[in-house]
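Taking it in order: structure first as C-alpha cells, then the write-up.
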Amino acid sequence: MSTPRKQVHLAAHFPGVNNTTVWSDPQAGSHIEFSSFRHLAQTAERGLFDFFFLAEGLRLREQNGEIYDLDVVGRPDTFTVLSALAAITDRLGLAGTVSSTFNEPYEVARQFATLDHLSAGRAAWNVVTSWDAFTGENFRRGGYLPQEERYSRAQHFLDAAFALFDTWDGDEVLADRAGGEFLSRPDVGTFSHHDQHFAIDGAFSTPRSPQGRPVIFQAGDSDEGREFAAATADAIFTRHATYDAGRAFYADVKGRLAAHGRRPEQLVVLPAATFVLGDTDAEAEEIAQQVRLQQVSGATAIKLAEQLWNTDLSDLDPDGPPPSFDPVVGENTIAKGRASVRMHKDPVATAREWRAKAEAEHLSLRELIVETTNRQTFVGTASTVAQAIDDHVQADVCDGYILVPHITPGGLDRFVDEVVPLLQERGVFRTAYEGATLREHLGLGAAPRVMRSDVSTGALS
Amino acid sequence: MTRPLHLAVALDGAGWHPSAWRLPTARPTELLTAGYWVDLARRAEEGLLDLVTFEDAFALQSTSTTGPDHRTDRVRGRLDAVLVAARVAPLTQHVGLVPTATVTHTEPFHVSKAIATLDYVSEGRGGWRPQVSARPEEVALFGRREVWGDPFVDDEATRALVRDLFEEAGDAVEVVRRLWDSWEDGAEIRDVASGRFVDRDQLHYVDFEGRFFSVRGPSITPRPPQGQPVVVALAHAEVPRAFAARSADVVLITPADNASATAQVAEIVAVRRDAGRTGVDHVFGELVVLLDDDQARADERWAQLEAWSGEPFTSDAEVFVGTPQGLADLLLARAEAGLTGFRLRPAALPQDLDAIVDGLVPELQRRGAFRTAYEAGTLRDRLGLERPANRYATGGTR
C-alpha cells in the first residue's frame, strides 16, 4: 500500500469586521446574537473541524474622520463568547485573538487558563500586536507604544504568560479530607517575572489547565513575525493560500524551526481561505462573481480606493476609471483602525499597477477593486474544492485551512455537508475526533514548560 | 400579605466556610471544572432564585490582607468569574448571572464588552459586580502602580487610598454604562439601498475624561439585550456604600440587626436621590447560612466545620446556623427594615444551596413571600427595573 496521506486540518473563522462578509444577502443573520455563534460553531464541530476562530478589533474603524458604516460592525468580547461556546460544543477548539498591547499578562494568562479549564483543554490564543494611538484612546494608558516596541512587548508578554501558566505543576490539589490538606505545598503559583516591559510578582491564582498552556497562534508575514512564530507558536496564520506563494512560505517557516530546536510538525501552517460552492464549476464561478459584487458596492469601491490613495475620493464615479493621480504618501490619515492599510507597503507603486491593469483590461474603478481585492480561494463543485484542498495540502502549500464563510451564520453548512465527506473518502480527513484537546487535534505534543529554576519550596522565608 | 422577596446566592469555591471542602458532600477536586458550576447554577434555577453571583479576585485566596498566606488547609486557586458565568449561560434559562470583575487594574473598555457579551450569551440575564482591589499584592501582579501598604490599617493615608479606589470604581462604572449606551438600540440598520450596515448617527463617542483614565469609545459591542446589565455592588462601610448607592442597581449590605439595616437603607436611598437616580431602590441583606433539617444537626455540622478550621469563623456578614424555617423567620423580620431581598452565602456547597432550594424556598413560598414560577423576561424584568433609556438617543429609538 501507499504511504499514509497527509491529513488536512480545517478550522472555521466567524466572519468579523471586513468587507468580505455579505450582510445584504437575505440569508445573512445576526453577527452578534449568540444563536449565530452557536450555529457556526456547532456546524464546525459537526464537520469535525479542529477549531473555531475569532478575530479582534478594539476600536470601530473610521474613514475621513467618521465611523465606517458600509461593512458589518460590532463584535462580542472574545473570551466571553468562547467560554459560552465551550458549553455547547464538546471537542471543537476555541481560538481567540487577544492583543498583547492593550492587556496585561497576569489578566490574560488567567483568562486563557480559565478558558482551558472550562473547555477541558480546547483553548487557543492568537497573539497579535498593535501600537496605534487611535486604538489606544479606548484604554487607560492612551496612545500607547512606539511601533518598534510592539514585537518586543509581545515576546515579553508571552514569556510572562508562559511563566504564569507554568507556576502550578498540576498535582498540587490533594483535597485530602481526612488529613485536612487541600494543597500539597504552600508556595503554589509563586512567580517573579522581571524584564524590560514587565515587573510582576505574586502568586498566580489559577492552577494548571488541561493543556498546560493554550495553543499559541501567530499571524504576521514579516521576517520578524516568521521568526517569532518559528520560535514560539504552535500554528501560524498566513494569507499565502495560493499554490506557489504557499509553498514558498511553508518551506521558509518550516525551515526555521530547527534553529529553535523544534521539529516541522510542531508548527501547523494554516492560511485563511474562502470558498464558493456550486452544483457545477460554471455555476460556482457565476455565484462567486455575484458574491464579489455584493462585497464591493460602488460606495465600498470608493472607500477601498481612498484607503490606498490616502485622500478623499468621494466625488469619484465608481463606474468610471480609477484616479489618474498618485496616492498621498506618508502616514495614512484617511483610514483609521485598519490593518489592511499597513499592507500597502508602497502605495504609489500599487496604484500605478492598478491603473495599468484597469487601462489594459478596460476596468472601471469598481471592477478594478473587485479584481484586486478578490481573495476567493476555492471556487467550484464540492468535488473540485475537495480535490484542490487535498492537492494543496499534499504539495505542502500548507497543513490545512481556516475557512472564512461570507455568510453568517449558515455559510459553512454546505461545506460541511458536501466537501468534508469527500475529504474523508479521500482518506485525508478524520471521520471522528480522536483526541479530546486542541493540541491533540493539531497533532502537537505536550506543551513545553518553563523551567522554574528560581522557585522552590525552600525559597520561602 | 407579605411582600415577595428577591433571593440571590453567592457562589464561591466549596462554600463560605473555609473548611467546607472537607464535608463528604463537597466536590473539592471539581472546583475548576465547568460541570461543578453548571450544576450549582442549575440548582439555583430549580429554586427559582433571582440570580447567582460568582466571587473573584486576581490574587490567590489568602487570610492575609497583604499577601499569600501559604496555607495548605484551605481552598486555593480559582477561575475568572466572568468566564464561569458565560460558561454557565447557555445551559441555564432563567437565573441571573452576576460575576465579580475587578475595576482597579482592569480596562473599563474590556469589562464593558465582556459584561455586554455575557448579556448576549445569556439572553438578558447578565450582571456585573464591580469590585475594587485594595490588596497590595494585587498591585504587584500588574506592576503598573506603586505598591501600597495594608489596606486595613486605619490611618489617613490608607483612608485616602480607599477613597481614591472607590472614586476610580465610580468612574469605571460610569464609563462602562456609557459604553453600553454608545450604540443606540437601532444602530444596525442594514440599509441595502444605501449600502450602510450601521447608522453612524446612532453610534456615540463616550469621551470620558477623569482623574484616573480617559476612554473615547464607542464600544465594539452593540448595546446588550438589557440595555444595561444589572450592576450589583457590595457595601459594608461608608465609602463603599456611597459608591454602591450612586453606581449600582442592587446594593448589598451587611447589617447586624434591623436597626442598622434601617439606617443603611435610608442612607443609600438618600445618596441615590441626591445623585438624581430614580427607580426601584434595591438593597439586599447579606447572610452566611448553614441550613439543616433540625437545629441540632445544623449546630453539629457548624461545630464540625469550626473544629476542622481550628479558629472561629469571622465574616463581614451575619451568620445564620439553623433550619430553613428559622431562616425564613429571620429574613422576613429583616425585610421589615426596608430590604428588598437577600444574598445568601452558603456555608458549604452544594449542600447549603440544596437546603436553600429544597427547604428555604418552599418555606418562603408557603408564606407567600417568594415566587412559585419564573416569568419570562430579563434579569431587569425580574427585579422590576426598567430597561434604561439610552442617554445618547435623540430620536425615537430607545
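Just so we're on the same page: first chain in the C-alpha cells is A, next is B, and so on; residues restart at 1 for each chain, and ligands are numbered from 1 in the order they show up.
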Stretch 322-326 of chain B environment, 10 Å, only C-alpha atoms, sequence neighbours closer than 5 positions dropped, as an MDAnalysis selection string: chainID B and resid 289:299 302 331 355:364
Emit the selected residues as a PDB file, in the first residue's frame, including C-alpha atoms.
ATOM      1  CA  VAL B 289     -26.073  30.465  56.015  1.00  0.00           C
ATOM      2  CA  LEU B 290     -25.752  26.876  57.128  1.00  0.00           C
ATOM      3  CA  LEU B 291     -29.061  25.027  56.996  1.00  0.00           C
ATOM      4  CA  ASP B 292     -30.183  21.627  58.159  1.00  0.00           C
ATOM      5  CA  ASP B 293     -33.442  19.886  58.910  1.00  0.00           C
ATOM      6  CA  ASP B 294     -33.186  20.484  62.616  1.00  0.00           C
ATOM      7  CA  GLN B 295     -31.258  22.876  64.751  1.00  0.00           C
ATOM      8  CA  ALA B 296     -29.167  20.181  66.412  1.00  0.00           C
ATOM      9  CA  ARG B 297     -27.901  18.830  63.108  1.00  0.00           C
ATOM     10  CA  ALA B 298     -27.125  22.318  61.877  1.00  0.00           C
ATOM     11  CA  ASP B 299     -25.224  23.118  65.058  1.00  0.00           C
ATOM     12  CA  TRP B 302     -21.207  24.004  62.093  1.00  0.00           C
ATOM     13  CA  LEU B 331     -35.409  37.058  56.552  1.00  0.00           C
ATOM     14  CA  ALA B 355     -31.070  23.338  51.524  1.00  0.00           C
ATOM     15  CA  ILE B 356     -31.955  26.788  50.222  1.00  0.00           C
ATOM     16  CA  VAL B 357     -33.652  25.296  47.167  1.00  0.00           C
ATOM     17  CA  ASP B 358     -35.346  22.381  48.893  1.00  0.00           C
ATOM     18  CA  GLY B 359     -36.042  23.933  52.294  1.00  0.00           C
ATOM     19  CA  LEU B 360     -35.970  27.713  52.409  1.00  0.00           C
ATOM     20  CA  VAL B 361     -37.657  28.401  49.070  1.00  0.00           C
ATOM     21  CA  PRO B 362     -40.705  26.158  49.733  1.00  0.00           C
ATOM     22  CA  GLU B 363     -40.970  27.664  53.218  1.00  0.00           C
ATOM     23  CA  LEU B 364     -40.998  31.212  51.805  1.00  0.00           C
TER      24      LEU B 364
END
Could you list the residues in chain A lying within 7 Å of chain B, using only C-alpha atoms, and format the result as a ChimeraX atom specification? /A:24,33-34,58-60,67,69-72,74-77,79-81,83-84,86-87,104,106,110-111,114,117-118,137-140,175,177,180-187,198-207
Hey, what's within 8 Å of A:Lys6 if we count only C-alpha atoms and toss same-chain stuff fewer than 2 positions away? As a ChimeraX atom specification, please? /A:4,8,393-394,428
With N, CA, C and O atoms retained, export the selected residues as a CSV table (one decimal), in the first residue's frame.
chain,number,residue,atom,x,y,z
A,4,PRO,N,0.9,6.6,4.1
A,4,PRO,CA,-0.3,7.3,4.6
A,4,PRO,C,-0.3,8.8,4.0
A,4,PRO,O,0.8,9.4,4.0
A,8,VAL,N,-5.5,16.6,6.4
A,8,VAL,CA,-5.9,18.0,6.3
A,8,VAL,C,-6.5,18.6,7.6
A,8,VAL,O,-7.3,17.9,8.3
A,393,VAL,N,-2.6,20.6,0.2
A,393,VAL,CA,-2.0,20.1,1.4
A,393,VAL,C,-1.0,19.0,1.1
A,393,VAL,O,0.1,19.1,1.7
A,394,GLN,N,-1.2,18.1,0.2
A,394,GLN,CA,-0.2,17.1,-0.1
A,394,GLN,C,1.0,17.7,-0.7
A,394,GLN,O,2.1,17.2,-0.5
A,428,VAL,N,-8.1,11.8,3.8
A,428,VAL,CA,-7.3,12.8,4.3
A,428,VAL,C,-7.9,13.7,5.4
A,428,VAL,O,-7.4,14.7,5.8
Can you list, as an MDAnalysis selection string, every residue of stretch 156-347 of chain A that DSSP puts in strand (DSSP E)? chainID A and resid 173:176 181:183 190:194 199:203 215:219 235:238 268:273 275:277 335:336
Using only C-alpha atoms, which protein or nucleic acid residues come within 8 Å of stretch 368-379 of chain A? Drop anything in the same chain fewer than 2 positions from it, and give the result as a PDB file with N, CA and C atoms, in the first residue's frame.
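For reference, part.pdb as written:
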ATOM      1  N   ALA A 241      -2.402  31.517   0.508  1.00  0.00           N
ATOM      2  CA  ALA A 241      -3.252  30.355   0.259  1.00  0.00           C
ATOM      3  C   ALA A 241      -3.024  29.772  -1.133  1.00  0.00           C
ATOM      4  N   THR A 242      -2.403  30.514  -2.006  1.00  0.00           N
ATOM      5  CA  THR A 242      -2.234  30.029  -3.371  1.00  0.00           C
ATOM      6  C   THR A 242      -1.020  29.117  -3.470  1.00  0.00           C
ATOM      7  N   ALA A 273      -8.826  30.917   4.116  1.00  0.00           N
ATOM      8  CA  ALA A 273      -9.311  30.638   2.763  1.00  0.00           C
ATOM      9  C   ALA A 273     -10.813  30.869   2.681  1.00  0.00           C
ATOM     10  N   THR A 274     -11.243  31.352   1.534  1.00  0.00           N
ATOM     11  CA  THR A 274     -12.676  31.482   1.292  1.00  0.00           C
ATOM     12  C   THR A 274     -13.076  30.429   0.261  1.00  0.00           C
ATOM     13  N   PHE A 275     -14.357  30.252   0.118  1.00  0.00           N
ATOM     14  CA  PHE A 275     -14.817  29.238  -0.832  1.00  0.00           C
ATOM     15  C   PHE A 275     -16.191  29.616  -1.345  1.00  0.00           C
ATOM     16  N   VAL A 276     -16.482  29.200  -2.551  1.00  0.00           N
ATOM     17  CA  VAL A 276     -17.822  29.332  -3.120  1.00  0.00           C
ATOM     18  C   VAL A 276     -18.142  28.006  -3.789  1.00  0.00           C
ATOM     19  N   LEU A 277     -19.263  27.405  -3.390  1.00  0.00           N
ATOM     20  CA  LEU A 277     -19.641  26.104  -3.932  1.00  0.00           C
ATOM     21  C   LEU A 277     -20.823  26.233  -4.891  1.00  0.00           C
ATOM     22  N   GLY A 278     -20.844  25.398  -5.915  1.00  0.00           N
ATOM     23  CA  GLY A 278     -21.971  25.342  -6.839  1.00  0.00           C
ATOM     24  C   GLY A 278     -22.217  23.913  -7.279  1.00  0.00           C
ATOM     25  N   ASP A 281     -19.052  23.604 -11.809  1.00  0.00           N
ATOM     26  CA  ASP A 281     -17.983  24.593 -11.678  1.00  0.00           C
ATOM     27  C   ASP A 281     -18.418  25.938 -12.270  1.00  0.00           C
ATOM     28  N   ALA A 284     -20.707  27.697  -9.871  1.00  0.00           N
ATOM     29  CA  ALA A 284     -19.935  28.229  -8.738  1.00  0.00           C
ATOM     30  C   ALA A 284     -19.238  29.520  -9.145  1.00  0.00           C
ATOM     31  N   GLU A 285     -18.682  29.545 -10.327  1.00  0.00           N
ATOM     32  CA  GLU A 285     -17.985  30.737 -10.805  1.00  0.00           C
ATOM     33  C   GLU A 285     -18.962  31.907 -10.926  1.00  0.00           C
ATOM     34  N   ALA A 288     -19.767  33.083  -7.515  1.00  0.00           N
ATOM     35  CA  ALA A 288     -18.593  33.783  -6.975  1.00  0.00           C
ATOM     36  C   ALA A 288     -18.560  35.223  -7.484  1.00  0.00           C
ATOM     37  N   ARG A 292     -18.691  38.669  -5.235  1.00  0.00           N
ATOM     38  CA  ARG A 292     -17.715  39.755  -5.321  1.00  0.00           C
ATOM     39  C   ARG A 292     -18.422  41.100  -5.490  1.00  0.00           C
ATOM     40  N   LEU A 293     -19.480  41.094  -6.280  1.00  0.00           N
ATOM     41  CA  LEU A 293     -20.207  42.350  -6.479  1.00  0.00           C
ATOM     42  C   LEU A 293     -20.965  42.763  -5.216  1.00  0.00           C
ATOM     43  N   VAL A 296     -18.277  44.294  -2.941  1.00  0.00           N
ATOM     44  CA  VAL A 296     -17.726  45.589  -3.364  1.00  0.00           C
ATOM     45  C   VAL A 296     -18.809  46.385  -4.099  1.00  0.00           C
ATOM     46  N   ALA A 301     -16.208  50.436  -3.165  1.00  0.00           N
ATOM     47  CA  ALA A 301     -15.060  50.607  -4.071  1.00  0.00           C
ATOM     48  C   ALA A 301     -14.376  51.953  -3.828  1.00  0.00           C
ATOM     49  N   LEU A 304     -12.524  51.774  -0.470  1.00  0.00           N
ATOM     50  CA  LEU A 304     -11.303  50.970  -0.519  1.00  0.00           C
ATOM     51  C   LEU A 304     -10.216  51.703  -1.311  1.00  0.00           C
ATOM     52  N   ALA A 305     -10.615  52.408  -2.359  1.00  0.00           N
ATOM     53  CA  ALA A 305      -9.630  53.191  -3.125  1.00  0.00           C
ATOM     54  C   ALA A 305      -9.061  54.320  -2.258  1.00  0.00           C
ATOM     55  N   PRO A 322     -10.196  54.580 -12.459  1.00  0.00           N
ATOM     56  CA  PRO A 322      -9.581  54.892 -11.162  1.00  0.00           C
ATOM     57  C   PRO A 322      -8.909  56.265 -11.209  1.00  0.00           C
ATOM     58  N   TRP A 354      -2.296  49.170 -10.405  1.00  0.00           N
ATOM     59  CA  TRP A 354      -3.758  49.083 -10.544  1.00  0.00           C
ATOM     60  C   TRP A 354      -4.230  49.874 -11.772  1.00  0.00           C
ATOM     61  N   LYS A 357      -3.452  48.046 -14.918  1.00  0.00           N
ATOM     62  CA  LYS A 357      -4.368  46.910 -15.077  1.00  0.00           C
ATOM     63  C   LYS A 357      -5.736  47.393 -15.572  1.00  0.00           C
ATOM     64  N   ALA A 358      -6.223  48.464 -14.972  1.00  0.00           N
ATOM     65  CA  ALA A 358      -7.538  48.998 -15.363  1.00  0.00           C
ATOM     66  C   ALA A 358      -7.517  49.428 -16.839  1.00  0.00           C
ATOM     67  N   LEU A 363     -11.164  48.317 -17.165  1.00  0.00           N
ATOM     68  CA  LEU A 363     -11.945  48.122 -15.938  1.00  0.00           C
ATOM     69  C   LEU A 363     -12.326  49.459 -15.320  1.00  0.00           C
ATOM     70  N   SER A 364     -13.559  49.520 -14.832  1.00  0.00           N
ATOM     71  CA  SER A 364     -13.954  50.671 -14.023  1.00  0.00           C
ATOM     72  C   SER A 364     -13.284  50.546 -12.654  1.00  0.00           C
ATOM     73  N   LEU A 365     -13.370  51.625 -11.867  1.00  0.00           N
ATOM     74  CA  LEU A 365     -12.798  51.569 -10.518  1.00  0.00           C
ATOM     75  C   LEU A 365     -13.389  50.394  -9.739  1.00  0.00           C
ATOM     76  N   ARG A 366     -14.712  50.241  -9.797  1.00  0.00           N
ATOM     77  CA  ARG A 366     -15.343  49.171  -9.031  1.00  0.00           C
ATOM     78  C   ARG A 366     -14.867  47.798  -9.520  1.00  0.00           C
ATOM     79  N   THR A 381     -17.376  22.939  -7.668  1.00  0.00           N
ATOM     80  CA  THR A 381     -18.238  21.947  -7.032  1.00  0.00           C
ATOM     81  C   THR A 381     -17.541  21.445  -5.778  1.00  0.00           C
ATOM     82  N   THR A 384     -14.553  19.507  -6.848  1.00  0.00           N
ATOM     83  CA  THR A 384     -13.430  20.344  -7.275  1.00  0.00           C
ATOM     84  C   THR A 384     -12.701  20.916  -6.059  1.00  0.00           C
ATOM     85  N   VAL A 385     -13.488  21.412  -5.104  1.00  0.00           N
ATOM     86  CA  VAL A 385     -12.900  22.061  -3.935  1.00  0.00           C
ATOM     87  C   VAL A 385     -12.168  21.040  -3.060  1.00  0.00           C
ATOM     88  N   ALA A 388      -8.926  20.209  -4.701  1.00  0.00           N
ATOM     89  CA  ALA A 388      -7.961  21.317  -4.626  1.00  0.00           C
ATOM     90  C   ALA A 388      -7.348  21.406  -3.225  1.00  0.00           C
TER      91      ALA A 388
END
Write out as a VMD selection string the residues lying within 12 Å of A:Arg263, counting only C-alpha atoms and excluding same-chain residues fewer than 4 positions away. chain A and resid 230 to 231 234 253 to 259 267 to 268 444 to 445
Generate a file of the selected residues that holds N, CA and C atoms, formatted as an mmCIF file, in the first residue's frame.
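Here's the written file again_20.cif:
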data_model
loop_
_atom_site.group_PDB
_atom_site.id
_atom_site.type_symbol
_atom_site.label_atom_id
_atom_site.label_comp_id
_atom_site.auth_asym_id
_atom_site.auth_seq_id
_atom_site.Cartn_x
_atom_site.Cartn_y
_atom_site.Cartn_z
ATOM 1 N N ALA A 230 8.281 30.804 14.485
ATOM 2 C CA ALA A 230 9.139 29.611 14.491
ATOM 3 C C ALA A 230 9.661 29.327 15.897
ATOM 4 N N ALA A 231 9.876 30.369 16.648
ATOM 5 C CA ALA A 231 10.413 30.196 17.995
ATOM 6 C C ALA A 231 9.336 29.793 18.988
ATOM 7 N N ASP A 234 2.501 27.495 17.988
ATOM 8 C CA ASP A 234 2.099 26.141 17.622
ATOM 9 C C ASP A 234 1.469 26.116 16.235
ATOM 10 N N VAL A 253 9.000 28.875 6.664
ATOM 11 C CA VAL A 253 8.745 28.826 8.115
ATOM 12 C C VAL A 253 9.091 27.459 8.706
ATOM 13 N N LYS A 254 8.827 26.398 7.948
ATOM 14 C CA LYS A 254 9.177 25.078 8.489
ATOM 15 C C LYS A 254 10.694 24.945 8.592
ATOM 16 N N GLY A 255 11.393 25.597 7.667
ATOM 17 C CA GLY A 255 12.850 25.552 7.670
ATOM 18 C C GLY A 255 13.475 26.304 8.834
ATOM 19 N N ARG A 256 12.704 27.207 9.430
ATOM 20 C CA ARG A 256 13.258 27.997 10.531
ATOM 21 C C ARG A 256 13.203 27.262 11.874
ATOM 22 N N LEU A 257 12.433 26.162 11.927
ATOM 23 C CA LEU A 257 12.165 25.537 13.221
ATOM 24 C C LEU A 257 13.408 24.896 13.845
ATOM 25 N N ALA A 258 14.225 24.266 12.991
ATOM 26 C CA ALA A 258 15.370 23.505 13.507
ATOM 27 C C ALA A 258 16.288 24.395 14.345
ATOM 28 N N ALA A 259 16.431 25.623 13.907
ATOM 29 C CA ALA A 259 17.311 26.552 14.632
ATOM 30 C C ALA A 259 16.811 26.802 16.051
ATOM 31 N N LEU A 267 4.815 23.095 14.184
ATOM 32 C CA LEU A 267 4.216 24.359 13.733
ATOM 33 C C LEU A 267 3.267 24.043 12.575
ATOM 34 N N VAL A 268 1.988 24.245 12.795
ATOM 35 C CA VAL A 268 0.982 23.923 11.790
ATOM 36 C C VAL A 268 0.702 25.193 10.976
ATOM 37 N N LEU A 444 -0.052 18.197 17.935
ATOM 38 C CA LEU A 444 1.062 18.790 18.667
ATOM 39 C C LEU A 444 1.346 17.933 19.887
ATOM 40 N N GLY A 445 2.557 17.878 20.285
ATOM 41 C CA GLY A 445 2.883 17.141 21.506
ATOM 42 C C GLY A 445 2.478 17.934 22.729
#
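Coordinates place atom CA of A:Leu10 at a distance of 5.6 Å from atom CA of A:Gly400.
The residue that comes closest to A:Lys336, out of A:Ala133, A:Ala11, A:Ala282, A:Val127 and on the basis of only C-alpha atoms, is A:Ala133.
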